[in-house]
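Listing of final02.cif; format and content: mmCIF, C-alpha atoms (C1' of nucleotides).
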data_coords
loop_
_atom_site.group_PDB
_atom_site.id
_atom_site.type_symbol
_atom_site.label_atom_id
_atom_site.label_comp_id
_atom_site.auth_asym_id
_atom_site.auth_seq_id
_atom_site.Cartn_x
_atom_site.Cartn_y
_atom_site.Cartn_z
ATOM 1 C CA MET A 751 -50.764 -49.537 -21.944
ATOM 2 C CA VAL A 752 -48.474 -48.792 -18.992
ATOM 3 C CA SER A 753 -47.022 -51.847 -17.308
ATOM 4 C CA LYS A 754 -47.066 -52.435 -13.565
ATOM 5 C CA LYS A 755 -43.351 -51.767 -13.569
ATOM 6 C CA ALA A 756 -44.287 -48.117 -13.251
ATOM 7 C CA THR A 757 -44.974 -48.558 -9.571
ATOM 8 C CA VAL A 758 -41.615 -50.152 -8.948
ATOM 9 C CA TYR A 759 -39.946 -47.476 -10.985
ATOM 10 C CA ASP A 760 -41.684 -44.732 -9.073
ATOM 11 C CA GLU A 761 -40.134 -46.003 -5.864
ATOM 12 C CA PHE A 762 -36.761 -46.272 -7.534
ATOM 13 C CA GLU A 763 -37.090 -42.729 -8.881
ATOM 14 C CA ALA A 764 -38.108 -41.394 -5.495
ATOM 15 C CA SER A 765 -35.096 -42.971 -3.842
ATOM 16 C CA LEU A 766 -32.798 -41.495 -6.450
ATOM 17 C CA LEU A 767 -34.220 -38.027 -5.916
ATOM 18 C CA GLU A 768 -33.083 -38.089 -2.320
ATOM 19 C CA ASN A 769 -29.580 -37.622 -3.655
ATOM 20 C CA PRO A 770 -29.103 -33.853 -4.135
ATOM 21 C CA GLU A 771 -26.756 -34.202 -7.087
ATOM 22 C CA ILE A 772 -29.034 -36.579 -8.901
ATOM 23 C CA ARG A 773 -31.960 -34.349 -8.099
ATOM 24 C CA LYS A 774 -30.193 -31.373 -9.651
ATOM 25 C CA GLU A 775 -29.534 -33.339 -12.826
ATOM 26 C CA TYR A 776 -33.128 -34.460 -12.830
ATOM 27 C CA GLU A 777 -34.469 -30.948 -12.500
ATOM 28 C CA ALA A 778 -32.258 -29.817 -15.367
ATOM 29 C CA LEU A 779 -33.476 -32.590 -17.625
ATOM 30 C CA LYS A 780 -37.113 -32.393 -16.662
ATOM 31 C CA PRO A 781 -38.081 -29.768 -19.275
ATOM 32 C CA LYS A 782 -36.471 -31.875 -21.946
ATOM 33 C CA TYR A 783 -38.442 -34.978 -21.059
ATOM 34 C CA GLU A 784 -41.659 -33.045 -20.675
ATOM 35 C CA MET A 785 -41.150 -31.689 -24.157
ATOM 36 C CA ILE A 786 -40.483 -35.122 -25.562
ATOM 37 C CA GLN A 787 -43.526 -36.420 -23.743
ATOM 38 C CA LYS A 788 -45.676 -33.831 -25.487
ATOM 39 C CA LEU A 789 -44.278 -34.789 -28.856
ATOM 40 C CA ILE A 790 -45.024 -38.454 -28.264
ATOM 41 C CA GLU A 791 -48.519 -37.804 -26.978
ATOM 42 C CA ARG A 792 -49.254 -35.583 -29.930
ATOM 43 C CA ARG A 793 -48.024 -38.162 -32.402
ATOM 44 C CA ASN A 794 -50.189 -40.788 -30.761
ATOM 45 C CA LYS A 795 -53.218 -38.520 -30.730
ATOM 46 C CA LEU A 796 -52.770 -38.092 -34.469
ATOM 47 C CA ASN A 797 -52.533 -41.882 -34.844
ATOM 48 C CA MET A 798 -49.220 -41.369 -36.548
ATOM 49 C CA SER A 799 -46.509 -44.008 -36.427
ATOM 50 C CA GLN A 800 -42.838 -43.165 -36.040
ATOM 51 C CA THR A 801 -42.428 -44.358 -39.606
ATOM 52 C CA GLN A 802 -45.039 -41.922 -40.899
ATOM 53 C CA LEU A 803 -43.622 -39.014 -38.951
ATOM 54 C CA ALA A 804 -40.157 -39.871 -40.183
ATOM 55 C CA LYS A 805 -41.327 -39.821 -43.777
ATOM 56 C CA ILE A 806 -42.853 -36.362 -43.390
ATOM 57 C CA ILE A 807 -39.640 -34.960 -41.994
ATOM 58 C CA GLY A 808 -37.532 -36.756 -44.537
ATOM 59 C CA THR A 809 -35.811 -39.282 -42.314
ATOM 60 C CA LYS A 810 -36.297 -42.836 -41.074
ATOM 61 C CA GLN A 811 -38.065 -44.404 -38.148
ATOM 62 C CA PRO A 812 -34.997 -45.098 -35.996
ATOM 63 C CA ALA A 813 -34.199 -41.391 -35.964
ATOM 64 C CA ILE A 814 -37.614 -40.670 -34.487
ATOM 65 C CA SER A 815 -37.162 -43.436 -31.967
ATOM 66 C CA ARG A 816 -33.889 -41.946 -30.766
ATOM 67 C CA LEU A 817 -35.432 -38.520 -30.538
ATOM 68 C CA GLU A 818 -38.330 -39.799 -28.461
ATOM 69 C CA ARG A 819 -36.016 -41.744 -26.222
ATOM 70 C CA GLY A 820 -34.223 -38.483 -25.524
ATOM 71 C CA ASP A 821 -30.788 -40.003 -25.683
ATOM 72 C CA TYR A 822 -29.249 -37.081 -27.455
ATOM 73 C CA ASN A 823 -29.122 -33.349 -27.700
ATOM 74 C CA THR A 824 -31.513 -32.189 -30.360
ATOM 75 C CA THR A 825 -30.934 -29.276 -32.678
ATOM 76 C CA LEU A 826 -33.402 -26.414 -32.837
ATOM 77 C CA GLY A 827 -33.837 -27.133 -36.529
ATOM 78 C CA THR A 828 -34.991 -30.705 -36.106
ATOM 79 C CA LEU A 829 -37.175 -29.664 -33.211
ATOM 80 C CA PHE A 830 -38.950 -27.180 -35.473
ATOM 81 C CA LYS A 831 -39.302 -29.801 -38.167
ATOM 82 C CA VAL A 832 -40.899 -32.314 -35.821
ATOM 83 C CA ALA A 833 -43.218 -29.767 -34.251
ATOM 84 C CA SER A 834 -44.297 -28.617 -37.689
ATOM 85 C CA ALA A 835 -44.961 -32.165 -38.889
ATOM 86 C CA LEU A 836 -47.130 -32.723 -35.822
ATOM 87 C CA ASP A 837 -48.944 -29.434 -36.443
ATOM 88 C CA MET A 838 -47.661 -27.971 -33.231
ATOM 89 C CA ASP A 839 -46.561 -24.485 -32.365
ATOM 90 C CA LEU A 840 -43.056 -24.252 -30.969
ATOM 91 C CA GLU A 841 -42.164 -21.134 -29.050
ATOM 92 C CA ILE A 842 -38.917 -20.289 -27.390
ATOM 93 C CA SER A 843 -39.001 -17.710 -24.658
ATOM 94 C CA LEU A 844 -35.920 -16.012 -23.274
ATOM 95 C CA LYS A 845 -36.291 -13.782 -20.245
ATOM 96 C CA ALA A 846 -33.630 -12.016 -18.283
ATOM 97 C CA ASN A 847 -33.727 -12.631 -14.558
ATOM 98 C CA GLY A 848 -33.265 -10.037 -11.850
ATOM 99 C CA GLU A 849 -34.310 -7.075 -13.943
ATOM 100 C CA THR A 850 -36.130 -5.454 -11.052
ATOM 101 C CA LYS A 851 -32.769 -4.396 -9.694
ATOM 102 C CA SER A 852 -32.337 -1.771 -12.404
ATOM 103 C CA THR A 853 -35.467 -0.006 -11.172
ATOM 104 C CA ARG A 854 -34.055 0.395 -7.703
ATOM 105 C CA ASP A 855 -30.883 1.854 -9.128
ATOM 106 C CA LYS A 856 -32.823 4.740 -10.586
ATOM 107 C CA VAL A 857 -34.985 5.421 -7.567
ATOM 108 C CA SER A 858 -32.528 7.681 -5.741
ATOM 109 C CA ALA A 859 -33.089 10.683 -8.028
ATOM 110 C CA MET B 1100 -23.088 2.160 -32.458
ATOM 111 C CA VAL B 1101 -25.126 1.161 -35.488
ATOM 112 C CA SER B 1102 -23.643 2.207 -38.806
ATOM 113 C CA LYS B 1103 -25.571 4.045 -41.524
ATOM 114 C CA LYS B 1104 -25.496 0.869 -43.549
ATOM 115 C CA ALA B 1105 -28.601 -0.098 -41.633
ATOM 116 C CA THR B 1106 -30.714 2.222 -43.763
ATOM 117 C CA VAL B 1107 -29.398 0.760 -46.977
ATOM 118 C CA TYR B 1108 -29.927 -2.699 -45.622
ATOM 119 C CA ASP B 1109 -33.486 -1.950 -44.629
ATOM 120 C CA GLU B 1110 -34.299 -1.119 -48.237
ATOM 121 C CA PHE B 1111 -32.540 -4.238 -49.395
ATOM 122 C CA GLU B 1112 -34.439 -6.325 -46.899
ATOM 123 C CA ALA B 1113 -37.750 -4.805 -47.906
ATOM 124 C CA SER B 1114 -37.125 -5.593 -51.557
ATOM 125 C CA LEU B 1115 -36.249 -9.164 -50.699
ATOM 126 C CA LEU B 1116 -39.443 -9.603 -48.717
ATOM 127 C CA GLU B 1117 -41.505 -8.933 -51.838
ATOM 128 C CA ASN B 1118 -40.465 -12.363 -53.007
ATOM 129 C CA PRO B 1119 -42.925 -14.825 -51.423
ATOM 130 C CA GLU B 1120 -40.426 -17.643 -51.155
ATOM 131 C CA ILE B 1121 -37.847 -15.467 -49.521
ATOM 132 C CA ARG B 1122 -40.513 -14.071 -47.249
ATOM 133 C CA LYS B 1123 -41.462 -17.560 -46.147
ATOM 134 C CA GLU B 1124 -37.865 -18.361 -45.318
ATOM 135 C CA TYR B 1125 -37.597 -15.083 -43.469
ATOM 136 C CA GLU B 1126 -40.665 -15.741 -41.377
ATOM 137 C CA ALA B 1127 -39.297 -19.147 -40.468
ATOM 138 C CA LEU B 1128 -35.971 -17.707 -39.372
ATOM 139 C CA LYS B 1129 -37.367 -14.663 -37.595
ATOM 140 C CA PRO B 1130 -37.784 -16.380 -34.198
ATOM 141 C CA LYS B 1131 -34.222 -17.549 -34.387
ATOM 142 C CA TYR B 1132 -32.847 -14.098 -34.983
ATOM 143 C CA GLU B 1133 -35.058 -12.535 -32.369
ATOM 144 C CA MET B 1134 -33.729 -15.041 -29.888
ATOM 145 C CA ILE B 1135 -30.149 -14.303 -30.836
ATOM 146 C CA GLN B 1136 -30.868 -10.606 -30.576
ATOM 147 C CA LYS B 1137 -32.051 -11.078 -27.015
ATOM 148 C CA LEU B 1138 -28.921 -12.984 -26.113
ATOM 149 C CA ILE B 1139 -26.704 -10.252 -27.539
ATOM 150 C CA GLU B 1140 -28.622 -7.461 -25.856
ATOM 151 C CA ARG B 1141 -28.503 -9.287 -22.550
ATOM 152 C CA ARG B 1142 -24.766 -9.863 -22.811
ATOM 153 C CA ASN B 1143 -24.252 -6.198 -23.563
ATOM 154 C CA LYS B 1144 -26.463 -5.121 -20.706
ATOM 155 C CA LEU B 1145 -24.306 -7.194 -18.392
ATOM 156 C CA ASN B 1146 -21.204 -5.548 -19.875
ATOM 157 C CA MET B 1147 -19.913 -8.964 -20.675
ATOM 158 C CA SER B 1148 -17.558 -9.599 -23.573
ATOM 159 C CA GLN B 1149 -17.801 -12.625 -25.848
ATOM 160 C CA THR B 1150 -14.555 -13.766 -24.280
ATOM 161 C CA GLN B 1151 -15.981 -13.603 -20.774
ATOM 162 C CA LEU B 1152 -19.173 -15.399 -21.754
ATOM 163 C CA ALA B 1153 -17.153 -18.039 -23.550
ATOM 164 C CA LYS B 1154 -15.091 -18.676 -20.458
ATOM 165 C CA ILE B 1155 -18.170 -19.160 -18.284
ATOM 166 C CA ILE B 1156 -19.620 -21.851 -20.509
ATOM 167 C CA GLY B 1157 -16.266 -23.445 -21.152
ATOM 168 C CA THR B 1158 -15.501 -22.467 -24.700
ATOM 169 C CA LYS B 1159 -13.699 -19.753 -26.679
ATOM 170 C CA GLN B 1160 -14.699 -16.401 -28.068
ATOM 171 C CA PRO B 1161 -15.047 -17.469 -31.718
ATOM 172 C CA ALA B 1162 -17.713 -19.980 -30.733
ATOM 173 C CA ILE B 1163 -19.782 -17.195 -29.186
ATOM 174 C CA SER B 1164 -19.247 -15.045 -32.254
ATOM 175 C CA ARG B 1165 -20.579 -17.770 -34.532
ATOM 176 C CA LEU B 1166 -23.544 -18.344 -32.272
ATOM 177 C CA GLU B 1167 -24.428 -14.648 -32.270
ATOM 178 C CA ARG B 1168 -24.011 -14.470 -36.019
ATOM 179 C CA GLY B 1169 -26.628 -17.197 -36.290
ATOM 180 C CA ASP B 1170 -24.803 -19.010 -39.030
ATOM 181 C CA TYR B 1171 -25.565 -22.408 -37.648
ATOM 182 C CA ASN B 1172 -28.150 -24.581 -36.061
ATOM 183 C CA THR B 1173 -27.707 -24.504 -32.319
ATOM 184 C CA THR B 1174 -28.269 -27.420 -29.993
ATOM 185 C CA LEU B 1175 -30.734 -27.151 -27.133
ATOM 186 C CA GLY B 1176 -27.884 -27.943 -24.770
ATOM 187 C CA THR B 1177 -25.695 -25.039 -25.730
ATOM 188 C CA LEU B 1178 -28.707 -22.772 -25.792
ATOM 189 C CA PHE B 1179 -29.412 -23.664 -22.179
ATOM 190 C CA LYS B 1180 -25.787 -23.126 -21.247
ATOM 191 C CA VAL B 1181 -25.689 -19.662 -22.774
ATOM 192 C CA ALA B 1182 -29.002 -18.617 -21.274
ATOM 193 C CA SER B 1183 -27.844 -19.814 -17.889
ATOM 194 C CA ALA B 1184 -24.544 -17.946 -18.115
ATOM 195 C CA LEU B 1185 -26.472 -14.782 -18.936
ATOM 196 C CA ASP B 1186 -28.829 -15.387 -16.027
ATOM 197 C CA MET B 1187 -31.770 -15.811 -18.341
ATOM 198 C CA ASP B 1188 -34.742 -18.110 -18.187
ATOM 199 C CA LEU B 1189 -35.197 -20.285 -21.253
ATOM 200 C CA GLU B 1190 -38.587 -21.829 -21.798
ATOM 201 C CA ILE B 1191 -39.716 -24.004 -24.633
ATOM 202 C CA SER B 1192 -43.417 -24.209 -25.258
ATOM 203 C CA LEU B 1193 -45.058 -26.819 -27.443
ATOM 204 C CA LYS B 1194 -48.727 -26.463 -28.269
ATOM 205 C CA ALA B 1195 -50.874 -28.552 -30.557
ATOM 206 C CA ASN B 1196 -52.694 -26.549 -33.214
ATOM 207 C CA GLY B 1197 -56.238 -27.031 -34.440
ATOM 208 C CA GLU B 1198 -57.593 -28.230 -31.140
ATOM 209 C CA THR B 1199 -60.558 -25.875 -31.333
ATOM 210 C CA LYS B 1200 -61.874 -28.007 -34.185
ATOM 211 C CA SER B 1201 -62.729 -30.812 -31.798
ATOM 212 C CA THR B 1202 -65.072 -28.433 -30.001
ATOM 213 C CA ARG B 1203 -67.003 -27.692 -33.159
ATOM 214 C CA ASP B 1204 -67.283 -31.389 -33.861
ATOM 215 C CA LYS B 1205 -69.181 -31.797 -30.649
ATOM 216 C CA VAL B 1206 -71.501 -28.814 -31.116
ATOM 217 C CA SER B 1207 -74.104 -30.584 -33.215
ATOM 218 C CA ALA B 1208 -75.530 -32.506 -30.293
ATOM 219 C "C1'" DT C 1255 -49.834 -70.272 -31.456
ATOM 220 C "C1'" DG C 1256 -48.164 -67.495 -35.890
ATOM 221 C "C1'" DA C 1257 -48.378 -63.343 -38.650
ATOM 222 C "C1'" DC C 1258 -48.152 -58.530 -38.546
ATOM 223 C "C1'" DA C 1259 -47.295 -53.691 -37.180
ATOM 224 C "C1'" DA C 1260 -44.790 -50.612 -34.212
ATOM 225 C "C1'" DT C 1261 -40.939 -49.562 -31.730
ATOM 226 C "C1'" DA C 1262 -36.200 -50.269 -29.976
ATOM 227 C "C1'" DT C 1263 -31.516 -51.281 -30.658
ATOM 228 C "C1'" DA C 1264 -27.130 -51.973 -32.960
ATOM 229 C "C1'" DA C 1265 -23.750 -50.575 -36.179
ATOM 230 C "C1'" DC C 1266 -21.997 -47.661 -39.332
ATOM 231 C "C1'" DA C 1267 -21.600 -43.521 -42.584
ATOM 232 C "C1'" DT C 1268 -22.108 -38.703 -43.085
ATOM 233 C "C1'" DA C 1269 -23.141 -34.057 -42.019
ATOM 234 C "C1'" DT C 1270 -22.548 -30.581 -39.000
ATOM 235 C "C1'" DA C 1271 -22.239 -28.357 -34.381
ATOM 236 C "C1'" DT C 1272 -18.627 -27.292 -31.543
ATOM 237 C "C1'" DG C 1273 -13.645 -26.472 -29.874
ATOM 238 C "C1'" DT C 1274 -9.716 -23.863 -30.785
ATOM 239 C "C1'" DG C 1275 -5.620 -21.261 -32.422
ATOM 240 C "C1'" DA C 1276 -4.112 -17.639 -35.505
ATOM 241 C "C1'" DT C 1277 -5.259 -13.546 -37.531
ATOM 242 C "C1'" DA C 1278 -8.008 -9.788 -39.517
ATOM 243 C "C1'" DT C 1279 -11.047 -6.153 -38.707
ATOM 244 C "C1'" DA C 1280 -13.577 -3.000 -36.133
ATOM 245 C "C1'" DT C 1281 -14.153 -0.037 -32.096
ATOM 246 C "C1'" DT C 1282 -12.752 2.727 -28.352
ATOM 247 C "C1'" DA C 1283 -9.523 5.168 -25.295
ATOM 248 C "C1'" DG C 1284 -5.233 7.789 -24.549
ATOM 249 C "C1'" DC D 610 -2.335 8.498 -34.628
ATOM 250 C "C1'" DT D 611 -1.179 4.370 -31.425
ATOM 251 C "C1'" DA D 612 -2.432 1.049 -28.179
ATOM 252 C "C1'" DA D 613 -5.741 -1.762 -26.368
ATOM 253 C "C1'" DT D 614 -9.967 -4.229 -26.450
ATOM 254 C "C1'" DA D 615 -13.804 -6.507 -28.737
ATOM 255 C "C1'" DT D 616 -15.544 -8.879 -32.464
ATOM 256 C "C1'" DA D 617 -15.287 -11.315 -36.948
ATOM 257 C "C1'" DT D 618 -13.201 -14.550 -39.939
ATOM 258 C "C1'" DC D 619 -10.401 -18.411 -41.342
ATOM 259 C "C1'" DA D 620 -8.775 -23.029 -41.028
ATOM 260 C "C1'" DC D 621 -8.718 -27.185 -39.005
ATOM 261 C "C1'" DA D 622 -9.657 -30.906 -35.417
ATOM 262 C "C1'" DT D 623 -13.033 -33.263 -32.817
ATOM 263 C "C1'" DA D 624 -17.370 -34.491 -30.959
ATOM 264 C "C1'" DT D 625 -21.797 -35.540 -31.875
ATOM 265 C "C1'" DA D 626 -26.383 -35.046 -34.138
ATOM 266 C "C1'" DT D 627 -28.399 -37.131 -37.886
ATOM 267 C "C1'" DG D 628 -29.162 -40.563 -41.829
ATOM 268 C "C1'" DT D 629 -29.715 -45.243 -42.757
ATOM 269 C "C1'" DT D 630 -29.826 -50.406 -43.040
ATOM 270 C "C1'" DA D 631 -30.515 -54.532 -40.675
ATOM 271 C "C1'" DT D 632 -32.332 -56.796 -36.925
ATOM 272 C "C1'" DA D 633 -34.364 -57.530 -32.343
ATOM 273 C "C1'" DT D 634 -38.022 -56.765 -29.329
ATOM 274 C "C1'" DT D 635 -42.618 -55.830 -28.176
ATOM 275 C "C1'" DG D 636 -47.523 -55.766 -28.632
ATOM 276 C "C1'" DT D 637 -51.703 -56.860 -30.967
ATOM 277 C "C1'" DC D 638 -54.878 -59.567 -33.389
ATOM 278 C "C1'" DA D 639 -56.542 -63.723 -36.052
#
Would you mind writing the file out in structure tokens?
Amino acid sequence: MVSKKATVYDEFEASLLENPEIRKEYEALKPKYEMIQKLIERRNKLNMSQTQLAKIIGTKQPAISRLERGDYNTTLGTLFKVASALDMDLEISLKANGETKSTRDKVSA
Amino acid sequence: MVSKKATVYDEFEASLLENPEIRKEYEALKPKYEMIQKLIERRNKLNMSQTQLAKIIGTKQPAISRLERGDYNTTLGTLFKVASALDMDLEISLKANGETKSTRDKVSA
DNA sequence: TGACAATATAACATATATGTGATATATTAG
DNA sequence: CTAATATATCACATATATGTTATATTGTCA
């Protein structure tokens, strides 16, 4: 299912990642693509076509294609819709960093 | 800091939740509001004003106000920007439901 | 090979998220 | 109370996510 181009691409990707700026962009986008990857794999596992998924969500196939190609900035609402249609659980976790500092502040007493 | 209206609202909210349809909507929106609540609490803990936060992510105070009021459907991109400006870690988890079923299917043998 | 299904792409319309200034309304400090 | 600061609201412009049709490309199967 995966063409041999993958090997060539891997080399290309590796060379790109030697550039710090590109690497930073890549790291930032990685979660996005991993998420999309999960959506695609799930849809395939369910033997569902883009057209079928689109119908469930109330849109058309090209919209699903764009979403899976990751060429735009999805809304939380559509993300929930897609996850729901694929019978997936979507959770968003927000955690504050560097909270241990506050403990040290109170230690003195 | 919280007005006494909260008590009145709590009763109002409780009465609304007796309606199954409204309750369903509420359950669906709950994660959204919990997320927003975390963002607001974090901003306050950092003693940061909406204006300051807005400046960091390159926008204006009213945009932050709208976001915190939850009256629209945020984009993943802006969500990441805000979380980053508040030094928070944003994680999105996608899990397929009903996977335990496959186990039972294999039990018979 | 040709027919068929799935996906990608292009082009455009529409809805809406976002940017932004002006202003109103808290909220707090003095 | 007044002044100052923070937040909410309004109104509008702009950017872009989404809807949608037509078509191209790809992959599979006979």
> Given a cut-off of 8 Å, which residues of chain C touch chain A, counting all atoms listed in the file, written out as an NGL selection string?
Replying inline: :C and (1260-1262)
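Here CA of Arg1141 (chain B) stands at a distance of 14.9 Å from CA of Ile1155 (chain B).
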Which residues fall under the PyMOL selection byres ((chain B) within 8 of (chain A)) in this file, as a short mmCIF file (atom, residue, chain, number, x, y, z; two decimals) with C-alpha atoms, in the coordinates of the input?
data_model
loop_
_atom_site.label_atom_id
_atom_site.label_comp_id
_atom_site.auth_asym_id
_atom_site.auth_seq_id
_atom_site.Cartn_x
_atom_site.Cartn_y
_atom_site.Cartn_z
CA PRO B 1130 -37.78 -16.38 -34.20
CA MET B 1134 -33.73 -15.04 -29.89
CA LYS B 1137 -32.05 -11.08 -27.02
CA ARG B 1141 -28.50 -9.29 -22.55
CA ASN B 1172 -28.15 -24.58 -36.06
CA THR B 1173 -27.71 -24.50 -32.32
CA THR B 1174 -28.27 -27.42 -29.99
CA LEU B 1175 -30.73 -27.15 -27.13
CA GLY B 1176 -27.88 -27.94 -24.77
CA ALA B 1182 -29.00 -18.62 -21.27
CA LEU B 1185 -26.47 -14.78 -18.94
CA ASP B 1186 -28.83 -15.39 -16.03
CA MET B 1187 -31.77 -15.81 -18.34
CA ASP B 1188 -34.74 -18.11 -18.19
CA LEU B 1189 -35.20 -20.28 -21.25
CA GLU B 1190 -38.59 -21.83 -21.80
CA ILE B 1191 -39.72 -24.00 -24.63
CA SER B 1192 -43.42 -24.21 -25.26
CA LEU B 1193 -45.06 -26.82 -27.44
CA LYS B 1194 -48.73 -26.46 -28.27
CA ALA B 1195 -50.87 -28.55 -30.56
CA ASN B 1196 -52.69 -26.55 -33.21
CA GLY B 1197 -56.24 -27.03 -34.44
#
>> Between CA of Glu777 (chain A) and CA of Lys831 (chain A), what is the distance in Å, rounded to a tenth?
In response: 26.1 Å
> What do you get, as a ChimeraX atom specification, if you spell out every residue that the PyMOL selection byres ((chain D) within 10 of (chain B)) selects here?
Replying inline: /D:614-618,626
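Distance-wise, CA of Lys805 (chain A) and CA of Glu791 (chain A) end up 18.4 Å apart.
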> Evaluating the PyMOL selection byres ((chain C and resi 1274) around 12) on the displayed file yields which residues, as a VMD selection string?
Replying inline: (chain B and resid 1153 1157 to 1162) or (chain C and resid 1272 to 1273 1275 to 1276) or (chain D and resid 619 to 623)
>> Neighbouring residues of DA612 (chain D) were defined as those with any atom within 12 Å, considering all atoms listed in the file; residues of the same chain fewer than 5 positions away were excluded. Please report them as a ChimeraX atom specification.
In response: /C:1282-1284
>> Please list, as an NGL selection string, the residues that have an atom at most 9 Å away from (-21.7, -37.5, -42.7) in the coordinates of this file, counting only C-alpha atoms (C1' of nucleotides).
In response: (:C and (1267-1270)) or (:D and (627-628))
With all atoms listed in the file counted, which protein, DNA or RNA residues have an atom no more than 9 Å from (-28.3, -48.0, -41.9) in the file frame? Please answer as a PDB file with C-alpha atoms (C1' of nucleotides), in the frame of the given file.
ATOM      1  C1'  DA C1265     -23.750 -50.575 -36.179  1.00  0.00           C
ATOM      2  C1'  DC C1266     -21.997 -47.661 -39.332  1.00  0.00           C
ATOM      3  C1'  DA C1267     -21.600 -43.521 -42.584  1.00  0.00           C
TER       4       DA C1267
ATOM      5  C1'  DG D 628     -29.162 -40.563 -41.829  1.00  0.00           C
ATOM      6  C1'  DT D 629     -29.715 -45.243 -42.757  1.00  0.00           C
ATOM      7  C1'  DT D 630     -29.826 -50.406 -43.040  1.00  0.00           C
ATOM      8  C1'  DA D 631     -30.515 -54.532 -40.675  1.00  0.00           C
TER       9       DA D 631
END
Can you report as JSON the centre and edge lengths in Å, to one decimal, of an axis-aligned box around the listed atoms of region 1125-1144 of chain B padded with 4 Å on each side?
{"center_x": -32.5, "center_y": -12.1, "center_z": -32.1, "size_x": 24.4, "size_y": 22.0, "size_z": 30.8}
